[in-house]
>>> print(open('upload_3.txt').read())   # compact mmCIF, C-alpha atoms and all ligand atoms
# COMPACT_ATOMS: atom_id res chain seq x y z
CA MET N 142 114.73 76.95 102.71
CA LEU N 143 112.67 74.81 105.07
CA LEU N 144 109.90 77.40 104.95
CA VAL N 145 109.92 77.48 101.14
CA GLY N 146 109.83 73.68 101.10
CA ARG N 147 106.88 73.60 103.48
CA LEU N 148 104.99 76.27 101.51
CA ALA N 149 105.61 74.43 98.25
CA GLY N 150 104.53 71.16 99.86
CA ALA N 151 101.18 72.55 101.02
CA GLY N 152 98.19 71.18 99.13
CA PRO N 153 96.77 74.55 98.06
CA ALA N 154 100.13 75.51 96.50
CA TRP N 155 99.52 72.89 93.79
CA ALA N 156 95.77 73.33 93.39
CA GLY N 157 95.16 74.28 89.77
CA VAL N 158 98.84 75.07 89.30
CA ILE N 159 98.64 74.81 85.50
CA THR N 160 94.94 75.26 84.78
CA PRO N 161 92.22 77.03 86.80
CA GLU N 162 90.39 75.01 89.41
CA SER N 163 87.02 73.56 88.49
CA GLY N 164 84.59 70.84 89.50
CA GLY N 165 82.25 72.93 91.67
CA SER N 166 80.01 74.68 89.19
CA SER N 167 79.50 74.51 85.41
CA ASN N 168 80.79 78.07 84.83
CA ALA N 169 84.11 77.14 86.47
CA ASP N 170 84.23 74.02 84.25
CA SER N 171 83.69 76.16 81.13
CA ILE N 172 86.46 78.53 82.18
CA GLU N 173 88.82 75.60 82.68
CA GLY N 174 87.82 74.00 79.35
CA LEU N 175 88.45 77.21 77.44
CA TYR N 176 91.74 77.74 79.26
CA LYS N 177 92.91 74.22 78.33
CA ILE N 178 92.09 74.69 74.63
CA VAL N 179 94.06 77.96 74.51
CA LEU N 180 96.90 76.39 76.52
CA ILE N 181 97.17 73.41 74.14
CA ILE N 182 97.15 75.59 71.01
CA ALA N 183 99.68 77.97 72.57
CA THR N 184 101.93 75.04 73.62
CA VAL N 185 101.90 73.57 70.10
CA ILE N 186 102.76 76.95 68.59
CA PHE N 187 105.48 77.59 71.18
CA CYS N 188 107.09 74.19 70.50
CA ALA N 189 106.89 74.68 66.72
CA VAL N 190 108.40 78.18 66.80
CA ALA N 191 111.05 77.43 69.44
CA GLY N 192 111.90 74.10 67.74
CA ALA N 193 112.28 75.75 64.32
CA LEU N 194 114.42 78.47 65.87
CA VAL N 195 116.77 75.97 67.54
CA PHE N 196 116.88 73.83 64.38
CA PHE N 197 117.90 76.75 62.17
CA LEU N 198 120.36 78.07 64.74
CA VAL N 199 122.19 74.75 64.76
CA ARG N 200 121.75 73.81 61.11
CA TYR N 201 122.93 77.14 59.71
CA ARG N 202 125.41 78.16 62.39
CA ALA N 203 128.60 79.88 61.35
CA ARG N 204 131.31 77.38 60.47
CA PRO N 205 134.74 77.90 58.93
CA GLY N 206 134.44 77.58 55.20
CA HIS N 207 130.64 77.95 55.16
CA VAL N 208 129.07 81.25 54.29
CA ALA N 209 125.32 81.47 54.89
CA SER N 210 123.43 82.37 51.74
CA GLN N 211 121.65 85.70 52.06
CA ILE N 212 117.94 85.29 51.30
CA ARG N 213 115.40 88.06 51.38
CA GLY N 214 111.62 87.74 51.16
CA ASN N 215 109.40 84.73 50.45
CA THR N 216 105.90 85.83 49.53
CA ARG N 217 104.30 82.41 49.93
CA LEU N 218 105.84 81.78 53.35
CA GLU N 219 104.95 85.25 54.59
CA LEU N 220 101.38 84.93 53.38
CA ALA N 221 101.15 81.50 55.02
CA TRP N 222 102.28 82.56 58.47
CA THR N 223 100.21 85.72 58.44
CA GLY N 224 97.12 83.79 57.31
CA ALA N 225 97.70 80.95 59.80
CA ALA N 226 98.10 83.39 62.72
CA ALA N 227 94.92 85.22 61.74
CA LEU N 228 93.06 81.92 61.40
CA ILE N 229 94.18 80.81 64.87
CA LEU N 230 92.91 84.09 66.34
CA VAL N 231 89.56 83.67 64.57
CA VAL N 232 89.23 80.09 65.90
CA LEU N 233 90.12 81.21 69.45
CA ALA N 234 87.64 84.10 69.28
CA ALA N 235 84.88 81.79 68.05
CA LEU N 236 85.61 79.27 70.83
CA THR N 237 85.69 82.01 73.46
CA PHE N 238 82.43 83.60 72.40
CA SER N 239 80.70 80.22 72.23
CA SER N 240 81.85 79.37 75.82
CA LEU N 241 81.11 82.83 77.17
CA HIS N 242 77.37 82.26 77.31
CA GLY N 243 77.80 79.26 79.66
CA ILE N 244 80.17 81.27 81.86
CA VAL N 245 78.25 84.52 82.14
CA THR N 246 74.63 83.43 81.97
CA PRO N 247 73.40 81.59 85.05
CA ALA N 248 72.21 78.04 84.49
CA ALA N 249 68.64 77.11 85.34
CA SER N 250 68.03 75.42 88.69
CA GLY N 251 67.49 71.66 88.65
CA ASP N 252 64.27 69.80 89.37
CA ASP N 253 65.37 69.11 92.96
CA ALA N 254 66.07 72.74 93.76
CA GLY N 255 65.09 73.93 97.20
CA ALA N 256 62.68 76.69 98.14
CA ILE N 257 63.30 79.66 95.92
CA PHE N 258 63.24 83.18 97.22
CA ALA N 259 63.88 86.47 95.53
CA THR N 260 64.09 89.79 97.29
CA VAL N 261 62.50 92.88 95.82
CA ASP N 262 65.60 95.04 95.60
CA GLN N 263 67.57 92.70 93.38
CA PRO N 264 67.45 92.07 89.64
CA PRO N 265 65.20 89.21 88.57
CA ALA N 266 66.87 85.82 88.29
CA PRO N 267 66.92 84.11 84.90
CA GLY N 268 63.65 82.26 84.60
CA ASP N 269 62.89 83.70 88.06
CA HIS N 270 64.18 80.51 89.56
CA ALA N 271 67.27 81.16 91.62
CA LEU N 272 68.43 81.79 95.16
CA HIS N 273 69.76 85.30 95.77
CA ILE N 274 72.50 85.70 98.34
CA LYS N 275 73.88 89.08 99.34
CA VAL N 276 77.60 88.78 99.97
CA THR N 277 79.20 91.68 101.82
CA GLY N 278 82.93 92.07 102.24
CA ARG N 279 84.36 94.15 105.07
CA GLN N 280 87.67 94.27 106.86
CA PHE N 281 88.11 91.32 107.47
CA VAL N 282 85.19 88.99 107.06
CA TRP N 283 82.55 87.95 104.53
CA ARG N 284 78.92 88.21 105.54
CA PHE N 285 76.12 86.32 103.79
CA ASP N 286 72.51 87.49 103.90
CA TYR N 287 69.79 84.98 103.08
CA PRO N 288 66.37 85.91 101.69
CA ASN N 289 64.53 84.98 104.92
CA GLY N 290 66.52 87.51 106.93
CA ALA N 291 69.05 85.06 108.35
CA TYR N 292 72.73 85.75 107.94
CA SER N 293 76.05 84.04 108.51
CA TYR N 294 79.72 84.94 108.53
CA GLU N 295 82.64 83.17 106.80
CA GLU N 296 80.54 80.19 105.69
CA LEU N 297 77.79 80.40 103.10
CA GLN N 298 75.33 77.51 103.05
CA VAL N 299 73.42 76.79 99.87
CA PRO N 300 71.12 74.06 98.58
CA ILE N 301 72.45 71.80 95.83
CA ASP N 302 71.03 71.80 92.31
CA THR N 303 69.97 75.40 92.79
CA THR N 304 71.29 78.34 90.83
CA VAL N 305 72.72 80.77 93.35
CA ILE N 306 72.94 84.40 92.24
CA VAL N 307 75.58 86.17 94.29
CA ASP N 308 75.24 89.93 94.71
CA ILE N 309 78.55 91.28 95.95
CA TYR N 310 78.87 94.41 98.11
CA SER N 311 81.65 96.01 100.12
CA LEU N 312 81.30 98.16 103.21
CA ASP N 313 84.75 99.68 103.34
CA VAL N 314 87.58 99.01 100.87
CA ASN N 315 87.95 96.89 97.73
CA HIS N 316 87.75 93.14 98.31
CA SER N 317 87.49 90.28 95.85
CA TRP N 318 85.05 87.36 96.08
CA TRP N 319 86.85 84.23 94.91
CA VAL N 320 85.96 80.58 95.40
CA PRO N 321 88.09 79.05 92.63
CA LYS N 322 86.02 75.90 92.03
CA LEU N 323 82.88 78.00 91.66
CA GLY N 324 84.12 80.43 89.02
CA GLY N 325 86.26 83.51 88.61
CA LYS N 326 87.08 86.43 90.86
CA PHE N 327 84.60 89.25 91.37
CA ASP N 328 85.50 92.58 92.87
CA ALA N 329 83.60 93.82 95.91
CA ILE N 330 83.72 97.58 95.54
CA PRO N 331 82.14 100.15 97.92
CA GLY N 332 79.13 101.80 96.27
CA TYR N 333 78.85 99.21 93.51
CA VAL N 334 77.04 95.86 93.31
CA ASN N 335 78.75 93.07 91.38
CA HIS N 336 77.06 89.84 90.35
CA THR N 337 78.09 86.29 89.69
CA TRP N 338 76.48 82.90 90.03
CA PHE N 339 77.17 79.23 90.65
CA LYS N 340 75.23 76.01 90.74
CA ILE N 341 76.55 73.08 92.75
CA THR N 342 75.20 69.65 91.85
CA LYS N 343 76.59 67.53 94.69
CA PRO N 344 76.94 68.22 98.43
CA GLY N 345 80.41 69.48 99.27
CA VAL N 346 82.57 72.19 100.75
CA PHE N 347 84.36 74.74 98.59
CA THR N 348 86.93 77.06 100.04
CA GLY N 349 87.90 80.52 98.89
CA GLN N 350 89.72 83.61 99.98
CA CYS N 351 89.47 87.36 99.52
CA ALA N 352 91.65 87.91 96.46
CA GLU N 353 92.32 91.62 96.86
CA LEU N 354 94.86 92.84 99.40
CA CYS N 355 92.49 94.73 101.67
CA GLY N 356 94.52 95.42 104.78
CA GLN N 357 96.47 93.92 107.63
CA HIS N 358 94.30 90.83 108.16
CA HIS N 359 93.50 90.16 104.50
CA ALA N 360 94.93 86.63 104.77
CA GLN N 361 92.28 85.72 107.35
CA MET N 362 89.43 86.80 105.09
CA ILE N 363 88.43 83.31 104.08
CA ALA N 364 85.17 82.19 102.52
CA THR N 365 83.64 78.74 102.59
CA VAL N 366 80.66 77.58 100.57
CA ARG N 367 78.89 74.50 101.89
CA ALA N 368 76.38 72.83 99.59
CA VAL N 369 73.78 70.60 101.26
CA PRO N 370 70.59 68.87 100.08
CA ALA N 371 67.64 71.23 99.66
CA ALA N 372 65.68 69.97 102.70
CA ALA N 373 68.72 70.23 104.97
CA TRP N 374 69.34 73.77 103.74
CA GLU N 375 65.77 74.88 104.40
CA ASN N 376 66.10 73.50 107.92
CA TRP N 377 69.41 75.19 108.45
CA VAL N 378 68.34 78.60 107.21
CA ALA N 379 65.19 78.53 109.39
CA THR N 380 67.21 77.47 112.45
CA GLN N 381 69.80 80.15 111.75
CA LYS N 382 67.06 82.77 111.70
CA GLN N 383 65.70 81.50 115.04
CA LEU N 384 69.14 81.49 116.65
CA ILE N 385 69.75 85.07 115.52
CA ALA N 386 66.36 86.13 116.96
CA GLN N 387 67.15 84.39 120.27
CA ALA N 388 70.55 86.03 120.45
CA GLY N 389 68.88 89.39 119.76
CA THR N 390 66.42 88.87 122.62
CA ALA N 391 69.16 87.77 125.02
CA ASP N 392 71.18 90.82 124.02
CA ALA N 393 68.25 93.20 124.61
CA LEU N 394 67.61 91.63 128.05
CA ALA N 395 71.25 91.92 129.06
CA HIS N 396 71.29 95.50 127.88
CA ALA N 397 68.15 96.39 129.83
CA LYS N 398 69.55 94.71 132.95
CA LEU N 399 72.82 96.58 132.68
CA ASN N 400 70.97 99.88 132.15
CA SER N 401 68.86 99.32 135.25
CA GLN N 402 72.00 98.49 137.27
CA VAL N 403 73.65 101.68 136.04
CA GLY N 404 70.47 103.57 136.97
CA ALA N 405 70.52 102.04 140.50
CA GLY N 406 74.19 102.93 140.92
CA GLN N 407 75.22 99.27 141.27
CA VAL N 408 77.73 99.57 138.43
CA GLU N 409 79.64 102.54 137.17
CA ASN N 410 78.49 104.13 133.94
CA PRO N 411 81.28 103.33 131.46
CU CU E 501 89.36 91.59 101.66
>>> encode(input="upload_3.txt", output="structure tokens", more="lines below")
Ligand SMILES: [Cu+2]
Amino acid sequence: MLLVGRLAGAGPAWAGVITPESGGSSNADSIEGLYKIVLIIATVIFCAVAGALVFFLVRYRARPGHVASQIRGNTRLELAWTGAAALILVVLAALTFSSLHGIVTPAASGDDAGAIFATVDQPPAPGDHALHIKVTGRQFVWRFDYPNGAYSYEELQVPIDTTVIVDIYSLDVNHSWWVPKLGGKFDAIPGYVNHTWFKITKPGVFTGQCAELCGQHHAQMIATVRAVPAAAWENWVATQKQLIAQAGTADALAHAKLNSQVGAGQVENP
């Protein structure tokens, strides 16, 4: 009971409990907007149908001395509810298709967008003005590869006001890339590249989680997206590249030293 109470009291338990989360990227906002429209229409219809049902159940309930009149067929009523239902579906379809463009098609980067890279092995960005990030899922961590050769784990750093095209890979089993405030879920499937995008306008941190049960430590497969001003991002990605190169050099030195010690018999060959 205490555990259930604690779980229910946790902030994330109530994040977007009725509607999807939004506020990070315009595609997530469009998804939420569309969801709300459908939810409102569905709620109105539910209340009307359930209300009418309860009304007629009470109003025409069986009572001693009252015999319900037996009615069959009402062409006008039947035409009306068939037509109204069809009309609602047409309206919903029109709304969905008009929002779909803003959800699927990446927005253009803003005027303050940072340095733009594109790698040769990826599809061209819309207007050729976007940052491509390769996201790779593996048991149990997300890896992010940047166009300059730098990479990071768990946290993806991006510049604000820049359209980020995310190319999603998996190395082992099925995973699912999901940062709720930046849009919907996208499967990471071995042997297949999936794509999505987001564009963050203000600096901030957005948290996500692998959304496909991928093994024993699936719960630890978190993802964080940190959006920073363009200049800060350029600095960061350059520094990250340097740090990786330094670590590589230190690793090679340590390896060479160990090999020479093994050769000299100072340590046992493992
Ligand atoms: Cu996973």
>>> residues_around(input="upload_3.txt", residues="Val366 (chain N)", least_positions_apart="5", cutoff="10 Å", atoms="all atoms listed in the file", output="ChimeraX atom specification")
/N:295-299,320,323,341,345-349
>>> residues_near_ligand(input="upload_3.txt", ligand="ligand CU 501 (chain E)", cutoff="10 Å", atoms="only C-alpha atoms and all ligand atoms", output="PDB file with C-alpha atoms, in the coordinates of the input")
ATOM      1  CA  GLY N 278      82.930  92.070 102.240  1.00  0.00           C
ATOM      2  CA  ARG N 279      84.360  94.150 105.070  1.00  0.00           C
ATOM      3  CA  GLN N 280      87.670  94.270 106.860  1.00  0.00           C
ATOM      4  CA  PHE N 281      88.110  91.320 107.470  1.00  0.00           C
ATOM      5  CA  VAL N 282      85.190  88.990 107.060  1.00  0.00           C
ATOM      6  CA  TRP N 283      82.550  87.950 104.530  1.00  0.00           C
ATOM      7  CA  SER N 311      81.650  96.010 100.120  1.00  0.00           C
ATOM      8  CA  ASP N 313      84.750  99.680 103.340  1.00  0.00           C
ATOM      9  CA  VAL N 314      87.580  99.010 100.870  1.00  0.00           C
ATOM     10  CA  ASN N 315      87.950  96.890  97.730  1.00  0.00           C
ATOM     11  CA  HIS N 316      87.750  93.140  98.310  1.00  0.00           C
ATOM     12  CA  SER N 317      87.490  90.280  95.850  1.00  0.00           C
ATOM     13  CA  TRP N 318      85.050  87.360  96.080  1.00  0.00           C
ATOM     14  CA  ASP N 328      85.500  92.580  92.870  1.00  0.00           C
ATOM     15  CA  ALA N 329      83.600  93.820  95.910  1.00  0.00           C
ATOM     16  CA  GLN N 350      89.720  83.610  99.980  1.00  0.00           C
ATOM     17  CA  CYS N 351      89.470  87.360  99.520  1.00  0.00           C
ATOM     18  CA  ALA N 352      91.650  87.910  96.460  1.00  0.00           C
ATOM     19  CA  GLU N 353      92.320  91.620  96.860  1.00  0.00           C
ATOM     20  CA  LEU N 354      94.860  92.840  99.400  1.00  0.00           C
ATOM     21  CA  CYS N 355      92.490  94.730 101.670  1.00  0.00           C
ATOM     22  CA  GLY N 356      94.520  95.420 104.780  1.00  0.00           C
ATOM     23  CA  GLN N 357      96.470  93.920 107.630  1.00  0.00           C
ATOM     24  CA  HIS N 358      94.300  90.830 108.160  1.00  0.00           C
ATOM     25  CA  HIS N 359      93.500  90.160 104.500  1.00  0.00           C
ATOM     26  CA  ALA N 360      94.930  86.630 104.770  1.00  0.00           C
ATOM     27  CA  GLN N 361      92.280  85.720 107.350  1.00  0.00           C
ATOM     28  CA  MET N 362      89.430  86.800 105.090  1.00  0.00           C
ATOM     29  CA  ILE N 363      88.430  83.310 104.080  1.00  0.00           C
TER      30      ILE N 363
END
>>> atom_distance(input="upload_3.txt", atom1="CA of Gly164 (chain N)", atom2="CA of Ile301 (chain N)")
13.7 Å
>>> closest_residue(input="upload_3.txt", among="N:Leu236, N:Ala393, N:Ile309, N:Leu241", to="Lys326 (chain N)", atoms="all atoms listed in the file")
N:Ile309
>>> closest_residue(input="upload_3.txt", among="N:Trp374, N:Thr365, N:Arg204, N:Phe327", to="Leu272 (chain N)", atoms="all atoms listed in the file")
N:Trp374
>>> atom_distance(input="upload_3.txt", atom1="CA of Asn168 (chain N)", atom2="CA of Ile186 (chain N)")
27.3 Å
>>> decode(input="upload_3.txt", residues="region 159-204 of chain N", atoms="N, CA and C atoms", output="PDB file, in the first residue's frame")
ATOM      1  N   ILE N 159      -3.322  12.626 -18.643  1.00  0.00           N
ATOM      2  CA  ILE N 159      -4.516  12.615 -19.502  1.00  0.00           C
ATOM      3  C   ILE N 159      -4.138  12.845 -20.961  1.00  0.00           C
ATOM      4  N   THR N 160      -3.265  13.791 -21.198  1.00  0.00           N
ATOM      5  CA  THR N 160      -2.850  14.065 -22.584  1.00  0.00           C
ATOM      6  C   THR N 160      -1.344  13.813 -22.712  1.00  0.00           C
ATOM      7  N   PRO N 161      -0.843  13.623 -23.930  1.00  0.00           N
ATOM      8  CA  PRO N 161       0.607  13.391 -24.090  1.00  0.00           C
ATOM      9  C   PRO N 161       1.403  14.606 -23.617  1.00  0.00           C
ATOM     10  N   GLU N 162       2.648  14.364 -23.247  1.00  0.00           N
ATOM     11  CA  GLU N 162       3.492  15.474 -22.829  1.00  0.00           C
ATOM     12  C   GLU N 162       3.884  16.311 -24.041  1.00  0.00           C
ATOM     13  N   SER N 163       4.154  17.585 -23.791  1.00  0.00           N
ATOM     14  CA  SER N 163       4.546  18.459 -24.895  1.00  0.00           C
ATOM     15  C   SER N 163       5.403  19.581 -24.327  1.00  0.00           C
ATOM     16  N   GLY N 164       5.694  20.592 -25.130  1.00  0.00           N
ATOM     17  CA  GLY N 164       6.423  21.739 -24.627  1.00  0.00           C
ATOM     18  C   GLY N 164       7.898  21.720 -24.986  1.00  0.00           C
ATOM     19  N   GLY N 165       8.396  20.636 -25.587  1.00  0.00           N
ATOM     20  CA  GLY N 165       9.815  20.590 -25.938  1.00  0.00           C
ATOM     21  C   GLY N 165      10.052  20.929 -27.394  1.00  0.00           C
ATOM     22  N   SER N 166       9.174  20.433 -28.267  1.00  0.00           N
ATOM     23  CA  SER N 166       9.388  20.584 -29.692  1.00  0.00           C
ATOM     24  C   SER N 166       8.017  20.703 -30.361  1.00  0.00           C
ATOM     25  N   SER N 167       7.967  21.403 -31.505  1.00  0.00           N
ATOM     26  CA  SER N 167       6.658  21.703 -32.105  1.00  0.00           C
ATOM     27  C   SER N 167       5.907  20.444 -32.537  1.00  0.00           C
ATOM     28  N   ASN N 168       6.634  19.360 -32.912  1.00  0.00           N
ATOM     29  CA  ASN N 168       5.909  18.144 -33.301  1.00  0.00           C
ATOM     30  C   ASN N 168       5.177  17.536 -32.110  1.00  0.00           C
ATOM     31  N   ALA N 169       5.808  17.600 -30.913  1.00  0.00           N
ATOM     32  CA  ALA N 169       5.136  17.100 -29.707  1.00  0.00           C
ATOM     33  C   ALA N 169       3.912  17.966 -29.399  1.00  0.00           C
ATOM     34  N   ASP N 170       4.014  19.277 -29.636  1.00  0.00           N
ATOM     35  CA  ASP N 170       2.880  20.174 -29.396  1.00  0.00           C
ATOM     36  C   ASP N 170       1.722  19.841 -30.338  1.00  0.00           C
ATOM     37  N   SER N 171       2.052  19.529 -31.616  1.00  0.00           N
ATOM     38  CA  SER N 171       0.999  19.178 -32.578  1.00  0.00           C
ATOM     39  C   SER N 171       0.310  17.884 -32.182  1.00  0.00           C
ATOM     40  N   ILE N 172       1.110  16.921 -31.703  1.00  0.00           N
ATOM     41  CA  ILE N 172       0.521  15.644 -31.276  1.00  0.00           C
ATOM     42  C   ILE N 172      -0.449  15.893 -30.124  1.00  0.00           C
ATOM     43  N   GLU N 173      -0.011  16.721 -29.165  1.00  0.00           N
ATOM     44  CA  GLU N 173      -0.862  16.994 -28.010  1.00  0.00           C
ATOM     45  C   GLU N 173      -2.130  17.737 -28.427  1.00  0.00           C
ATOM     46  N   GLY N 174      -1.995  18.720 -29.347  1.00  0.00           N
ATOM     47  CA  GLY N 174      -3.146  19.494 -29.815  1.00  0.00           C
ATOM     48  C   GLY N 174      -4.186  18.594 -30.465  1.00  0.00           C
ATOM     49  N   LEU N 175      -3.712  17.714 -31.318  1.00  0.00           N
ATOM     50  CA  LEU N 175      -4.607  16.795 -32.026  1.00  0.00           C
ATOM     51  C   LEU N 175      -5.290  15.853 -31.028  1.00  0.00           C
ATOM     52  N   TYR N 176      -4.502  15.376 -30.078  1.00  0.00           N
ATOM     53  CA  TYR N 176      -5.027  14.467 -29.059  1.00  0.00           C
ATOM     54  C   TYR N 176      -6.157  15.136 -28.279  1.00  0.00           C
ATOM     55  N   LYS N 177      -5.943  16.429 -27.924  1.00  0.00           N
ATOM     56  CA  LYS N 177      -6.932  17.158 -27.121  1.00  0.00           C
ATOM     57  C   LYS N 177      -8.238  17.334 -27.896  1.00  0.00           C
ATOM     58  N   ILE N 178      -8.128  17.655 -29.189  1.00  0.00           N
ATOM     59  CA  ILE N 178      -9.329  17.844 -30.010  1.00  0.00           C
ATOM     60  C   ILE N 178     -10.147  16.550 -30.031  1.00  0.00           C
ATOM     61  N   VAL N 179      -9.449  15.427 -30.284  1.00  0.00           N
ATOM     62  CA  VAL N 179     -10.143  14.134 -30.342  1.00  0.00           C
ATOM     63  C   VAL N 179     -10.741  13.799 -28.979  1.00  0.00           C
ATOM     64  N   LEU N 180      -9.964  14.095 -27.923  1.00  0.00           N
ATOM     65  CA  LEU N 180     -10.429  13.792 -26.562  1.00  0.00           C
ATOM     66  C   LEU N 180     -11.702  14.577 -26.238  1.00  0.00           C
ATOM     67  N   ILE N 181     -11.716  15.870 -26.602  1.00  0.00           N
ATOM     68  CA  ILE N 181     -12.883  16.714 -26.296  1.00  0.00           C
ATOM     69  C   ILE N 181     -14.113  16.209 -27.057  1.00  0.00           C
ATOM     70  N   ILE N 182     -13.944  15.939 -28.361  1.00  0.00           N
ATOM     71  CA  ILE N 182     -15.075  15.441 -29.161  1.00  0.00           C
ATOM     72  C   ILE N 182     -15.573  14.115 -28.594  1.00  0.00           C
ATOM     73  N   ALA N 183     -14.619  13.227 -28.251  1.00  0.00           N
ATOM     74  CA  ALA N 183     -15.001  11.910 -27.727  1.00  0.00           C
ATOM     75  C   ALA N 183     -15.716  12.050 -26.382  1.00  0.00           C
ATOM     76  N   THR N 184     -15.263  13.017 -25.544  1.00  0.00           N
ATOM     77  CA  THR N 184     -15.883  13.206 -24.228  1.00  0.00           C
ATOM     78  C   THR N 184     -17.321  13.698 -24.386  1.00  0.00           C
ATOM     79  N   VAL N 185     -17.523  14.648 -25.314  1.00  0.00           N
ATOM     80  CA  VAL N 185     -18.867  15.185 -25.549  1.00  0.00           C
ATOM     81  C   VAL N 185     -19.795  14.057 -26.015  1.00  0.00           C
ATOM     82  N   ILE N 186     -19.294  13.246 -26.959  1.00  0.00           N
ATOM     83  CA  ILE N 186     -20.123  12.154 -27.478  1.00  0.00           C
ATOM     84  C   ILE N 186     -20.425  11.128 -26.380  1.00  0.00           C
ATOM     85  N   PHE N 187     -19.386  10.816 -25.578  1.00  0.00           N
ATOM     86  CA  PHE N 187     -19.579   9.847 -24.497  1.00  0.00           C
ATOM     87  C   PHE N 187     -20.658  10.342 -23.530  1.00  0.00           C
ATOM     88  N   CYS N 188     -20.562  11.632 -23.134  1.00  0.00           N
ATOM     89  CA  CYS N 188     -21.528  12.180 -22.175  1.00  0.00           C
ATOM     90  C   CYS N 188     -22.929  12.175 -22.776  1.00  0.00           C
ATOM     91  N   ALA N 189     -23.045  12.536 -24.067  1.00  0.00           N
ATOM     92  CA  ALA N 189     -24.360  12.579 -24.710  1.00  0.00           C
ATOM     93  C   ALA N 189     -24.976  11.181 -24.778  1.00  0.00           C
ATOM     94  N   VAL N 190     -24.177  10.197 -25.194  1.00  0.00           N
ATOM     95  CA  VAL N 190     -24.708   8.837 -25.350  1.00  0.00           C
ATOM     96  C   VAL N 190     -25.032   8.230 -23.978  1.00  0.00           C
ATOM     97  N   ALA N 191     -24.060   8.350 -23.039  1.00  0.00           N
ATOM     98  CA  ALA N 191     -24.273   7.757 -21.717  1.00  0.00           C
ATOM     99  C   ALA N 191     -25.415   8.477 -20.997  1.00  0.00           C
ATOM    100  N   GLY N 192     -25.501   9.797 -21.155  1.00  0.00           N
ATOM    101  CA  GLY N 192     -26.571  10.584 -20.523  1.00  0.00           C
ATOM    102  C   GLY N 192     -27.927  10.168 -21.071  1.00  0.00           C
ATOM    103  N   ALA N 193     -28.025  10.044 -22.400  1.00  0.00           N
ATOM    104  CA  ALA N 193     -29.301   9.641 -23.021  1.00  0.00           C
ATOM    105  C   ALA N 193     -29.697   8.255 -22.544  1.00  0.00           C
ATOM    106  N   LEU N 194     -28.690   7.374 -22.451  1.00  0.00           N
ATOM    107  CA  LEU N 194     -28.965   5.999 -22.022  1.00  0.00           C
ATOM    108  C   LEU N 194     -29.553   5.987 -20.606  1.00  0.00           C
ATOM    109  N   VAL N 195     -28.896   6.721 -19.696  1.00  0.00           N
ATOM    110  CA  VAL N 195     -29.355   6.750 -18.305  1.00  0.00           C
ATOM    111  C   VAL N 195     -30.747   7.391 -18.232  1.00  0.00           C
ATOM    112  N   PHE N 196     -30.931   8.475 -18.997  1.00  0.00           N
ATOM    113  CA  PHE N 196     -32.220   9.168 -19.005  1.00  0.00           C
ATOM    114  C   PHE N 196     -33.344   8.213 -19.400  1.00  0.00           C
ATOM    115  N   PHE N 197     -33.126   7.491 -20.525  1.00  0.00           N
ATOM    116  CA  PHE N 197     -34.191   6.603 -21.005  1.00  0.00           C
ATOM    117  C   PHE N 197     -34.387   5.395 -20.091  1.00  0.00           C
ATOM    118  N   LEU N 198     -33.296   4.941 -19.469  1.00  0.00           N
ATOM    119  CA  LEU N 198     -33.413   3.821 -18.533  1.00  0.00           C
ATOM    120  C   LEU N 198     -34.316   4.208 -17.365  1.00  0.00           C
ATOM    121  N   VAL N 199     -34.154   5.424 -16.879  1.00  0.00           N
ATOM    122  CA  VAL N 199     -34.922   5.858 -15.711  1.00  0.00           C
ATOM    123  C   VAL N 199     -36.347   6.241 -16.130  1.00  0.00           C
ATOM    124  N   ARG N 200     -36.414   7.035 -17.201  1.00  0.00           N
ATOM    125  CA  ARG N 200     -37.704   7.583 -17.640  1.00  0.00           C
ATOM    126  C   ARG N 200     -38.672   6.478 -18.068  1.00  0.00           C
ATOM    127  N   TYR N 201     -38.184   5.472 -18.729  1.00  0.00           N
ATOM    128  CA  TYR N 201     -39.059   4.430 -19.261  1.00  0.00           C
ATOM    129  C   TYR N 201     -38.857   3.091 -18.565  1.00  0.00           C
ATOM    130  N   ARG N 202     -38.465   3.137 -17.290  1.00  0.00           N
ATOM    131  CA  ARG N 202     -38.250   1.883 -16.571  1.00  0.00           C
ATOM    132  C   ARG N 202     -39.606   1.186 -16.347  1.00  0.00           C
ATOM    133  N   ALA N 203     -39.506  -0.105 -16.084  1.00  0.00           N
ATOM    134  CA  ALA N 203     -40.729  -0.880 -15.876  1.00  0.00           C
ATOM    135  C   ALA N 203     -41.383  -0.496 -14.555  1.00  0.00           C
ATOM    136  N   ARG N 204     -42.651  -0.124 -14.604  1.00  0.00           N
ATOM    137  CA  ARG N 204     -43.364   0.209 -13.378  1.00  0.00           C
ATOM    138  C   ARG N 204     -44.726  -0.490 -13.415  1.00  0.00           C
TER     139      ARG N 204
END
